[in-house]
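The block underneath contains the structure these notes are about, expressed in structure tokens.
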Amino acid sequence: MSNMIRKIVLILSLVLFTSCVYYNTFYNAKQKFKQAEQNQFGKDKKPRSNRGATEINRAGLPIEPSISISEKTLYKSAIEKATKVVVYHPESKYVDDALWVIGKSRYNMTEYIASDKKFRELVVRFPQSKYSDDAYYYIGMGQFWMRKYDVALESFNQVINDKNSSYRDDAAFNIAYMDFINENHSSAILSFGEFLKDFPKSDSAATAQFFVGVCKDSLGEFIEAIQAYKNVDKYNSSHELYFDSRFAYGSTALKADSIKLGMSVFEDLSKQERYFERSSNIRLKIAEGMHLMGKTEDAEAEYLKVIEQFPKTNQSAEAYYRLGLIYQDTKYDLEKAKEYYNNATKEKRDSPFYHLALTKAANITKLETYRIKLERDPPKESAPNDTLQPDLANIENNQDDADSSLEQIPQPTSLMPDKMDFIGDPNQPGIPSLISRIREGANKDGRLPKDSISMPSFEPYFMGPPAPKDSVDIFNRQEIPDSLKDEFGRIQDTLTAAEVQDSIENTAVQDSLKLINEDIEIRFLLAELYHHDLNRPDSALQEYLLLVETYPKSEYAPKALLASALIYEKNKESTNAKEMYLRLINTYQSSDQAR
């Protein structure tokens with residue numbers, strides 16, 4: 001009997017000891033996990049405000065975890081101890097807890113594939129676990145950070161369908177936000193709207209309302225965007241989100257040409273002491289508003305103050321960049337514009353304006369290079385030798401036809417005095433008919449309406465008032481020398497392909513062909529530069545049309561016609577655009593552009 005009692009006591013002691021061992025193991029794992037999360041997140045275990053966001057947009061967004069070495073050590077210790085519970089005590093009531101500790105530790109360490117595996121094991125083995133809805137939410141978040149949005153959507157929907165889940169509002173917000181980051185703005189508006197309807201008391205409601213405004217803004221629905229930003233005040237927003245919504249409100253008002261409204265918003269923000277640290281951004285917007293109101297000198301002075309008071313910052317880099325735009329597009333001073341662009345690149349290399357300014361400066365350098373090349377002397381005819389004599393005779397015999405052909409080409413030289421308006425004087429003789437029609441869509445001062453410059457990730461920058469009519473046009477195109485056009489006419493209009501081939505060995509012909517082809521190519525590149533990089537569609541149009549009229553047999557002529565048609569179409573000059581398209585189709589039927 002005594003032996004039996006001893007055996008029972010031994011078994012009970014062993015069971016109790018084993019139970020204590022795995023409980024202690026799990027307890028230690030949980031303690032390490034809690035300590036790591038406390039160090040990583042503080043008291044907020046589900047951070048919502050985007051502490052690491054940029055100054056442009058700090059609205060509450062999902063935050064990807066970041067981890068220190070000490071926190072990683074604690075998580076590894078928690079994983080090691082929790083794994084022992086799962087492996088050695090699979091029947092324990094703490095297994096689902098251990099799986100949660102492992103999965104969440106892996107997630108916090110940004111090991112999303114490993115965390116996904118453990119979370120899925122948890123929901124399959126323990127569908128009724130208290131950690132089930134948490135696991136589904138973090139499965140979705142892990143897939144979200146891996147940009148597998150379809151899989152994330154499935155998990156978030158699973159969370160939303162669980163009426164008792166505390167993560168329902170987070171999941172609904174993330175579904176809408178995935179639409180936003182995938183630029184499905186119309187769908188995002190609906191999703192954020194449903195979120196606001198279902199969770200009006202959520203601490204993410206103000207953020208959702210803010211993003212309704214962002215989506216409307218992105219779709220160009222500026223009036224609706226302004227109202228959406230204004231409605232952020234209806235929800236419990238933080239001071240930072242309030243600033244974001246008011247700043248976006250003012251910016252959108254400027255884009256919608258409601259300049260007085262935008263200026264009043266920024267002037268109000270500038271008076272609030274709690275936003276003093278944002279004063280550089282506010283003053284940049286005030287300077288932009290001044291420029292839009294035609295107060296260019298005041299805008300320039302405001303930008304210079306920002307540079308002086310906030311040196312070597314993103315704001316000073318932007319101020320230099322904006323000054324470059326003013327001197328390029330309003331004051332027509334390319335040298336000064338280039339200086340400001342170069343200064344912008346020296347302020348802060350990681351500024352978002354660094355590459356923008358670098359590109360603008362490079363474009364001006366490219367323009368200067370093209371203009372220098374176009375100013376070089378035209379080719380001079382060499383004395384004829386015996387091998388070229390038959391060809392020169394042929395040219396002389398057909399000179400009347402060549403001159404007659406050239407007479408039909410409008411001479412552009414009358415458009416190119418030292419000082420001229422962009423469009424030129426329509427009363428001067430010899431203006432090409434196509435170029436003179438540009439004036440049909442011009443403003444009262446004879447200039448075409450300026451397009452706005454659209455910059456990636458930033459509000460469009462609007463052009464200020466046009467320069468006085470008597471200002472010097474530094475974008476004035478270069479004159480094509482008559483001798484160069486005559487040479488082109490002789491070679492293309494009077495020499496047959498066989499005759500050119502026969503005389504190709506001649507240096508004079510080679511030089512002439514090379515120089516002519518170079519001239520054509522440079523002129524086309526110059527037009528492209530005006531069109532795509534310098535925001536000068538009016539100057540681009542002149543260069544394209546000049547190229548077509550002067551070098552109609554060039555391979556660039558159909559390209560120039562197509563580009564001209566597109567510029568006309570963008571300026572809503574449908575008649576001129578149609579004429580360009582028809583001319584392209586009829587004259588260059590076999591070209592890619594005609595097709």
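The chains in the structure tokens are called A, B, ... from first to last as shown; in each chain the residues are counted from 1, and the ligands are counted from 1 in the order shown.
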| request: Can you pull out every residue within 9 Å of range 138-147 of chain A, counting only C-alpha atoms, but drop anything in the same chain fewer than 5 positions away, and send it as a count of residues only? | output: 23
| request: Considering only C-alpha atoms, return as a PyMOL selection string whatever protein or nucleic-acid residues lie within 12 Å of Thr73 in chain A, sequence-local ones (same chain, fewer than 2 positions apart) excluded. | output: chain A and resi 32-33+35-37+39+67-71+75-80+105-106+109
Would you write out those residues with all heavy atoms, as a compact mmCIF listing (two decimals), in the first residue's frame?
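For reference, selection24.txt as written:
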# COMPACT_ATOMS: atom_id res chain seq x y z
N LYS A 32 8.89 38.47 -21.80
CA LYS A 32 9.86 39.01 -22.77
C LYS A 32 9.12 39.74 -23.90
O LYS A 32 9.53 40.81 -24.35
CB LYS A 32 10.70 37.87 -23.36
CG LYS A 32 11.58 37.15 -22.36
CD LYS A 32 12.74 38.04 -21.91
CE LYS A 32 13.68 37.27 -21.00
NZ LYS A 32 14.78 38.12 -20.49
N PHE A 33 8.00 39.16 -24.36
CA PHE A 33 7.21 39.75 -25.43
C PHE A 33 6.63 41.11 -25.01
O PHE A 33 6.72 42.09 -25.75
CB PHE A 33 6.09 38.78 -25.81
CG PHE A 33 5.09 39.33 -26.79
CD1 PHE A 33 5.43 39.49 -28.12
CD2 PHE A 33 3.82 39.69 -26.38
CE1 PHE A 33 4.52 40.01 -29.02
CE2 PHE A 33 2.90 40.21 -27.27
CZ PHE A 33 3.25 40.37 -28.60
N GLN A 35 7.71 43.10 -22.67
CA GLN A 35 8.79 44.08 -22.51
C GLN A 35 9.24 44.63 -23.86
O GLN A 35 9.48 45.84 -24.01
CB GLN A 35 9.96 43.43 -21.77
CG GLN A 35 11.08 44.41 -21.44
CD GLN A 35 12.23 43.74 -20.70
OE1 GLN A 35 12.13 42.58 -20.28
NE2 GLN A 35 13.33 44.47 -20.55
N ALA A 36 9.34 43.74 -24.85
CA ALA A 36 9.77 44.16 -26.19
C ALA A 36 8.75 45.12 -26.81
O ALA A 36 9.11 46.15 -27.38
CB ALA A 36 9.97 42.95 -27.09
N GLU A 37 7.45 44.78 -26.68
CA GLU A 37 6.43 45.66 -27.25
C GLU A 37 6.36 47.00 -26.52
O GLU A 37 6.14 48.04 -27.15
CB GLU A 37 5.06 44.98 -27.20
CG GLU A 37 4.83 43.97 -28.30
CD GLU A 37 3.38 43.91 -28.74
OE1 GLU A 37 2.49 44.03 -27.89
OE2 GLU A 37 3.13 43.74 -29.95
N ASN A 39 8.86 48.51 -25.16
CA ASN A 39 9.99 49.30 -25.65
C ASN A 39 9.75 49.81 -27.07
O ASN A 39 10.13 50.93 -27.43
CB ASN A 39 11.27 48.47 -25.63
CG ASN A 39 11.73 48.16 -24.22
OD1 ASN A 39 11.23 48.73 -23.25
ND2 ASN A 39 12.67 47.23 -24.09
N ILE A 67 12.41 48.36 -35.54
CA ILE A 67 12.86 47.66 -34.35
C ILE A 67 14.33 47.92 -34.08
O ILE A 67 15.14 48.07 -35.01
CB ILE A 67 12.60 46.13 -34.50
CG1 ILE A 67 12.83 45.39 -33.20
CG2 ILE A 67 13.43 45.56 -35.62
CD1 ILE A 67 12.42 43.95 -33.26
N SER A 68 14.69 47.98 -32.80
CA SER A 68 16.08 48.16 -32.39
C SER A 68 16.71 46.80 -32.10
O SER A 68 16.01 45.77 -32.02
CB SER A 68 16.17 49.05 -31.15
OG SER A 68 15.61 48.37 -30.03
N ILE A 69 18.01 46.78 -31.92
CA ILE A 69 18.71 45.52 -31.64
C ILE A 69 18.27 44.93 -30.31
O ILE A 69 18.05 43.71 -30.18
CB ILE A 69 20.24 45.77 -31.64
CG1 ILE A 69 20.69 46.17 -33.04
CG2 ILE A 69 20.97 44.51 -31.18
CD1 ILE A 69 22.17 46.51 -33.13
N SER A 70 18.10 45.78 -29.28
CA SER A 70 17.71 45.28 -27.97
C SER A 70 16.30 44.69 -28.02
O SER A 70 16.03 43.65 -27.39
CB SER A 70 17.77 46.40 -26.94
OG SER A 70 16.88 47.45 -27.29
N GLU A 71 15.40 45.33 -28.76
CA GLU A 71 14.04 44.80 -28.89
C GLU A 71 14.05 43.48 -29.65
O GLU A 71 13.31 42.55 -29.30
CB GLU A 71 13.16 45.82 -29.60
CG GLU A 71 12.92 47.09 -28.78
CD GLU A 71 12.51 48.28 -29.62
OE1 GLU A 71 12.38 48.13 -30.84
OE2 GLU A 71 12.35 49.37 -29.03
N TYR A 75 12.50 39.84 -28.46
CA TYR A 75 11.55 39.07 -29.26
C TYR A 75 12.08 37.66 -29.55
O TYR A 75 11.33 36.69 -29.50
CB TYR A 75 11.24 39.78 -30.57
CG TYR A 75 10.26 40.92 -30.45
CD1 TYR A 75 10.55 42.18 -30.96
CD2 TYR A 75 9.04 40.74 -29.83
CE1 TYR A 75 9.65 43.23 -30.84
CE2 TYR A 75 8.12 41.79 -29.72
CZ TYR A 75 8.44 43.04 -30.22
OH TYR A 75 7.54 44.07 -30.11
N LYS A 76 13.35 37.56 -29.84
CA LYS A 76 13.94 36.24 -30.11
C LYS A 76 13.84 35.34 -28.89
O LYS A 76 13.57 34.14 -29.00
CB LYS A 76 15.39 36.40 -30.54
CG LYS A 76 15.56 36.87 -31.97
CD LYS A 76 17.04 36.87 -32.38
CE LYS A 76 17.19 37.19 -33.86
NZ LYS A 76 18.62 37.17 -34.28
N SER A 77 14.08 35.91 -27.70
CA SER A 77 13.96 35.13 -26.47
C SER A 77 12.52 34.69 -26.26
O SER A 77 12.26 33.54 -25.87
CB SER A 77 14.44 35.97 -25.29
OG SER A 77 14.31 35.26 -24.08
N ALA A 78 11.55 35.58 -26.54
CA ALA A 78 10.14 35.24 -26.40
C ALA A 78 9.75 34.12 -27.37
O ALA A 78 9.03 33.18 -27.00
CB ALA A 78 9.28 36.47 -26.64
N ILE A 79 10.25 34.22 -28.60
CA ILE A 79 9.95 33.19 -29.62
C ILE A 79 10.52 31.85 -29.19
O ILE A 79 9.85 30.80 -29.31
CB ILE A 79 10.51 33.62 -30.99
CG1 ILE A 79 9.75 34.83 -31.54
CG2 ILE A 79 10.46 32.46 -31.98
CD1 ILE A 79 10.38 35.46 -32.76
N GLU A 80 11.73 31.85 -28.70
CA GLU A 80 12.38 30.60 -28.28
C GLU A 80 11.59 29.90 -27.18
O GLU A 80 11.35 28.70 -27.24
CB GLU A 80 13.80 30.91 -27.80
CG GLU A 80 14.57 29.67 -27.37
CD GLU A 80 15.95 30.01 -26.81
OE1 GLU A 80 16.32 31.20 -26.83
OE2 GLU A 80 16.64 29.09 -26.34
N SER A 105 5.47 38.53 -32.54
CA SER A 105 6.90 38.87 -32.44
C SER A 105 7.53 38.91 -33.82
O SER A 105 8.28 39.84 -34.15
CB SER A 105 7.63 37.85 -31.56
OG SER A 105 7.17 37.89 -30.22
N ARG A 106 7.20 37.92 -34.66
CA ARG A 106 7.73 37.90 -36.02
C ARG A 106 7.23 39.12 -36.81
O ARG A 106 7.98 39.73 -37.58
CB ARG A 106 7.31 36.61 -36.74
CG ARG A 106 7.90 35.34 -36.17
CD ARG A 106 9.39 35.26 -36.40
NE ARG A 106 9.93 33.97 -35.99
CZ ARG A 106 11.23 33.67 -35.95
NH1 ARG A 106 12.12 34.61 -36.30
NH2 ARG A 106 11.65 32.49 -35.56
N MET A 109 9.02 42.21 -35.88
CA MET A 109 10.38 42.16 -36.40
C MET A 109 10.39 42.30 -37.92
O MET A 109 11.43 42.15 -38.55
CB MET A 109 11.05 40.85 -35.99
CG MET A 109 11.26 40.70 -34.48
SD MET A 109 11.65 39.00 -33.98
CE MET A 109 13.24 38.76 -34.77
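Of note, CA of Tyr275 in chain A and CA of Val214 in chain A are spaced 21.5 Å apart.
Residue nearest Glu555 in chain A within the list A:Asn342, A:Ser590, A:Thr83, A:Ser279: A:Ser590 [criterion: smallest interatomic distance, only C-alpha atoms].
Residue neighbourhood of Asp298 in chain A, excluding near-sequence residues (fewer than 2 positions): Arg283, Leu284, Ile286, Ala287, Glu288, Gly289, Met290, His291, Leu292, Met293, Gly294, Lys295, Thr296, Glu300, Ala301, Glu302, Tyr303, Leu304, Lys305, Leu323 and Ile326 of chain A, at 12 Å, using only C-alpha atoms.
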Let me see the file: selected residues, N, CA, C and O atoms, as a PDB file, in the first residue's frame.
ATOM      1  N   ARG A 283       4.677  80.233 -45.279  1.00  0.00           N
ATOM      2  CA  ARG A 283       5.172  81.409 -46.000  1.00  0.00           C
ATOM      3  C   ARG A 283       5.482  81.075 -47.463  1.00  0.00           C
ATOM      4  O   ARG A 283       5.345  81.939 -48.346  1.00  0.00           O
ATOM      5  N   LEU A 284       5.871  79.853 -47.716  1.00  0.00           N
ATOM      6  CA  LEU A 284       6.057  79.449 -49.112  1.00  0.00           C
ATOM      7  C   LEU A 284       4.738  79.540 -49.876  1.00  0.00           C
ATOM      8  O   LEU A 284       4.697  79.979 -51.037  1.00  0.00           O
ATOM      9  N   ILE A 286       2.172  81.471 -49.041  1.00  0.00           N
ATOM     10  CA  ILE A 286       1.814  82.884 -49.157  1.00  0.00           C
ATOM     11  C   ILE A 286       2.561  83.518 -50.331  1.00  0.00           C
ATOM     12  O   ILE A 286       1.995  84.309 -51.099  1.00  0.00           O
ATOM     13  N   ALA A 287       3.822  83.151 -50.496  1.00  0.00           N
ATOM     14  CA  ALA A 287       4.609  83.659 -51.623  1.00  0.00           C
ATOM     15  C   ALA A 287       4.012  83.192 -52.950  1.00  0.00           C
ATOM     16  O   ALA A 287       3.919  83.960 -53.913  1.00  0.00           O
ATOM     17  N   GLU A 288       3.569  81.940 -52.992  1.00  0.00           N
ATOM     18  CA  GLU A 288       2.943  81.427 -54.214  1.00  0.00           C
ATOM     19  C   GLU A 288       1.676  82.207 -54.533  1.00  0.00           C
ATOM     20  O   GLU A 288       1.408  82.549 -55.691  1.00  0.00           O
ATOM     21  N   GLY A 289       0.888  82.491 -53.483  1.00  0.00           N
ATOM     22  CA  GLY A 289      -0.325  83.268 -53.689  1.00  0.00           C
ATOM     23  C   GLY A 289      -0.028  84.665 -54.213  1.00  0.00           C
ATOM     24  O   GLY A 289      -0.741  85.178 -55.090  1.00  0.00           O
ATOM     25  N   MET A 290       1.013  85.290 -53.687  1.00  0.00           N
ATOM     26  CA  MET A 290       1.417  86.612 -54.178  1.00  0.00           C
ATOM     27  C   MET A 290       1.753  86.559 -55.663  1.00  0.00           C
ATOM     28  O   MET A 290       1.378  87.443 -56.445  1.00  0.00           O
ATOM     29  N   HIS A 291       2.469  85.520 -56.047  1.00  0.00           N
ATOM     30  CA  HIS A 291       2.829  85.373 -57.457  1.00  0.00           C
ATOM     31  C   HIS A 291       1.587  85.231 -58.323  1.00  0.00           C
ATOM     32  O   HIS A 291       1.467  85.844 -59.392  1.00  0.00           O
ATOM     33  N   LEU A 292       0.630  84.426 -57.862  1.00  0.00           N
ATOM     34  CA  LEU A 292      -0.602  84.240 -58.624  1.00  0.00           C
ATOM     35  C   LEU A 292      -1.412  85.520 -58.733  1.00  0.00           C
ATOM     36  O   LEU A 292      -2.136  85.737 -59.710  1.00  0.00           O
ATOM     37  N   MET A 293      -1.293  86.372 -57.740  1.00  0.00           N
ATOM     38  CA  MET A 293      -2.008  87.651 -57.764  1.00  0.00           C
ATOM     39  C   MET A 293      -1.290  88.697 -58.607  1.00  0.00           C
ATOM     40  O   MET A 293      -1.756  89.828 -58.727  1.00  0.00           O
ATOM     41  N   GLY A 294      -0.161  88.333 -59.189  1.00  0.00           N
ATOM     42  CA  GLY A 294       0.589  89.264 -60.020  1.00  0.00           C
ATOM     43  C   GLY A 294       1.591  90.089 -59.247  1.00  0.00           C
ATOM     44  O   GLY A 294       2.256  90.958 -59.815  1.00  0.00           O
ATOM     45  N   LYS A 295       1.734  89.815 -57.948  1.00  0.00           N
ATOM     46  CA  LYS A 295       2.688  90.553 -57.118  1.00  0.00           C
ATOM     47  C   LYS A 295       4.024  89.813 -57.124  1.00  0.00           C
ATOM     48  O   LYS A 295       4.477  89.277 -56.113  1.00  0.00           O
ATOM     49  N   THR A 296       4.650  89.781 -58.293  1.00  0.00           N
ATOM     50  CA  THR A 296       5.865  88.988 -58.471  1.00  0.00           C
ATOM     51  C   THR A 296       7.001  89.465 -57.583  1.00  0.00           C
ATOM     52  O   THR A 296       7.734  88.645 -57.004  1.00  0.00           O
ATOM     53  N   GLU A 300       8.879  87.282 -54.762  1.00  0.00           N
ATOM     54  CA  GLU A 300      10.325  87.084 -54.775  1.00  0.00           C
ATOM     55  C   GLU A 300      10.940  87.459 -53.424  1.00  0.00           C
ATOM     56  O   GLU A 300      11.786  86.731 -52.891  1.00  0.00           O
ATOM     57  N   ALA A 301      10.493  88.577 -52.850  1.00  0.00           N
ATOM     58  CA  ALA A 301      11.009  89.013 -51.549  1.00  0.00           C
ATOM     59  C   ALA A 301      10.670  87.993 -50.459  1.00  0.00           C
ATOM     60  O   ALA A 301      11.487  87.716 -49.576  1.00  0.00           O
ATOM     61  N   GLU A 302       9.476  87.420 -50.527  1.00  0.00           N
ATOM     62  CA  GLU A 302       9.059  86.434 -49.518  1.00  0.00           C
ATOM     63  C   GLU A 302       9.893  85.155 -49.632  1.00  0.00           C
ATOM     64  O   GLU A 302      10.299  84.569 -48.621  1.00  0.00           O
ATOM     65  N   TYR A 303      10.149  84.725 -50.858  1.00  0.00           N
ATOM     66  CA  TYR A 303      10.994  83.541 -51.051  1.00  0.00           C
ATOM     67  C   TYR A 303      12.401  83.790 -50.508  1.00  0.00           C
ATOM     68  O   TYR A 303      13.008  82.906 -49.878  1.00  0.00           O
ATOM     69  N   LEU A 304      12.932  84.972 -50.737  1.00  0.00           N
ATOM     70  CA  LEU A 304      14.283  85.294 -50.252  1.00  0.00           C
ATOM     71  C   LEU A 304      14.325  85.308 -48.719  1.00  0.00           C
ATOM     72  O   LEU A 304      15.336  84.928 -48.122  1.00  0.00           O
ATOM     73  N   LYS A 305      13.237  85.729 -48.077  1.00  0.00           N
ATOM     74  CA  LYS A 305      13.186  85.695 -46.617  1.00  0.00           C
ATOM     75  C   LYS A 305      13.206  84.262 -46.099  1.00  0.00           C
ATOM     76  O   LYS A 305      13.857  83.963 -45.095  1.00  0.00           O
ATOM     77  N   LEU A 323      11.894  80.489 -57.210  1.00  0.00           N
ATOM     78  CA  LEU A 323      12.492  81.684 -57.806  1.00  0.00           C
ATOM     79  C   LEU A 323      13.004  81.385 -59.209  1.00  0.00           C
ATOM     80  O   LEU A 323      12.888  82.218 -60.119  1.00  0.00           O
ATOM     81  N   ILE A 326      10.096  81.544 -61.495  1.00  0.00           N
ATOM     82  CA  ILE A 326       9.681  82.934 -61.749  1.00  0.00           C
ATOM     83  C   ILE A 326      10.566  83.567 -62.813  1.00  0.00           C
ATOM     84  O   ILE A 326      10.082  84.204 -63.760  1.00  0.00           O
TER      85      ILE A 326
END
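Atom pair CA of Leu358 in chain A / CA of Lys285 in chain A has a distance of 22.2 Å (rounded to one decimal).
Between Ser218 in chain A and the candidates A:Leu196, A:Ile181, A:Ile63, A:Val85, the tightest atom-to-atom separation, counting only C-alpha atoms, involves A:Ile181.
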| task | For range 222-226 of chain A, work out the shell of residues within 9 Å, counting only C-alpha atoms and skipping chain neighbours fewer than 6 positions away, then give it as a list in words. | result | Val212, Gly213, Val214, Cys215, Lys216, Ala248, Tyr249, Gly250, Thr252, Ala253, Lys255 and Ala256 of chain A
Go ahead and write the residues just picked, C-alpha atoms, as a PDB file, in the first residue's frame.
ATOM      1  CA  VAL A 212     -11.737  62.043 -49.196  1.00  0.00           C
ATOM      2  CA  GLY A 213     -10.397  65.535 -49.855  1.00  0.00           C
ATOM      3  CA  VAL A 214      -7.098  64.181 -51.176  1.00  0.00           C
ATOM      4  CA  CYS A 215      -8.942  61.872 -53.589  1.00  0.00           C
ATOM      5  CA  LYS A 216     -11.211  64.668 -54.812  1.00  0.00           C
ATOM      6  CA  ALA A 248      -4.558  71.328 -48.050  1.00  0.00           C
ATOM      7  CA  TYR A 249      -7.673  73.537 -48.023  1.00  0.00           C
ATOM      8  CA  GLY A 250      -5.598  76.615 -48.833  1.00  0.00           C
ATOM      9  CA  THR A 252      -6.470  73.529 -53.284  1.00  0.00           C
ATOM     10  CA  ALA A 253      -8.075  76.978 -53.206  1.00  0.00           C
ATOM     11  CA  LYS A 255      -5.251  75.615 -57.593  1.00  0.00           C
ATOM     12  CA  ALA A 256      -8.933  76.420 -58.079  1.00  0.00           C
TER      13      ALA A 256
END
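With distances restricted to only C-alpha atoms, A:Thr550 is the closest residue to Arg523 in chain A from A:Asn535, A:Thr550, A:Asn161, A:Asn586.
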| range 311-322 of chain A environment, 9 Å, only C-alpha atoms, sequence neighbours closer than 4 positions dropped, as a VMD selection string | chain A and resid 280 to 281 284 288 300 302 to 304 306 to 307 326 to 327 337 340 to 348 350 to 354 356 to 357 461
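Near range 543-547 of chain A, within a cut-off of 6 Å and counting only C-alpha atoms, sit the residues Ala527, Ala540, Thr550, Tyr551 and Ala560 of chain A, with same-chain residues fewer than 3 positions away left out.
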| query | If we count only C-alpha atoms, what is near Gln128 in chain A at a cut-off of 12 Å, once residues fewer than 6 positions away on the same chain are taken out, given as a ChimeraX atom specification? | reply | /A:96,122,134-135,162
| query | What residues in range 163-224 of chain A get the DSSP label alpha helix (DSSP H)? Please answer as a ChimeraX atom specification. | reply | /A:168-181,185-198,205-218,222-224
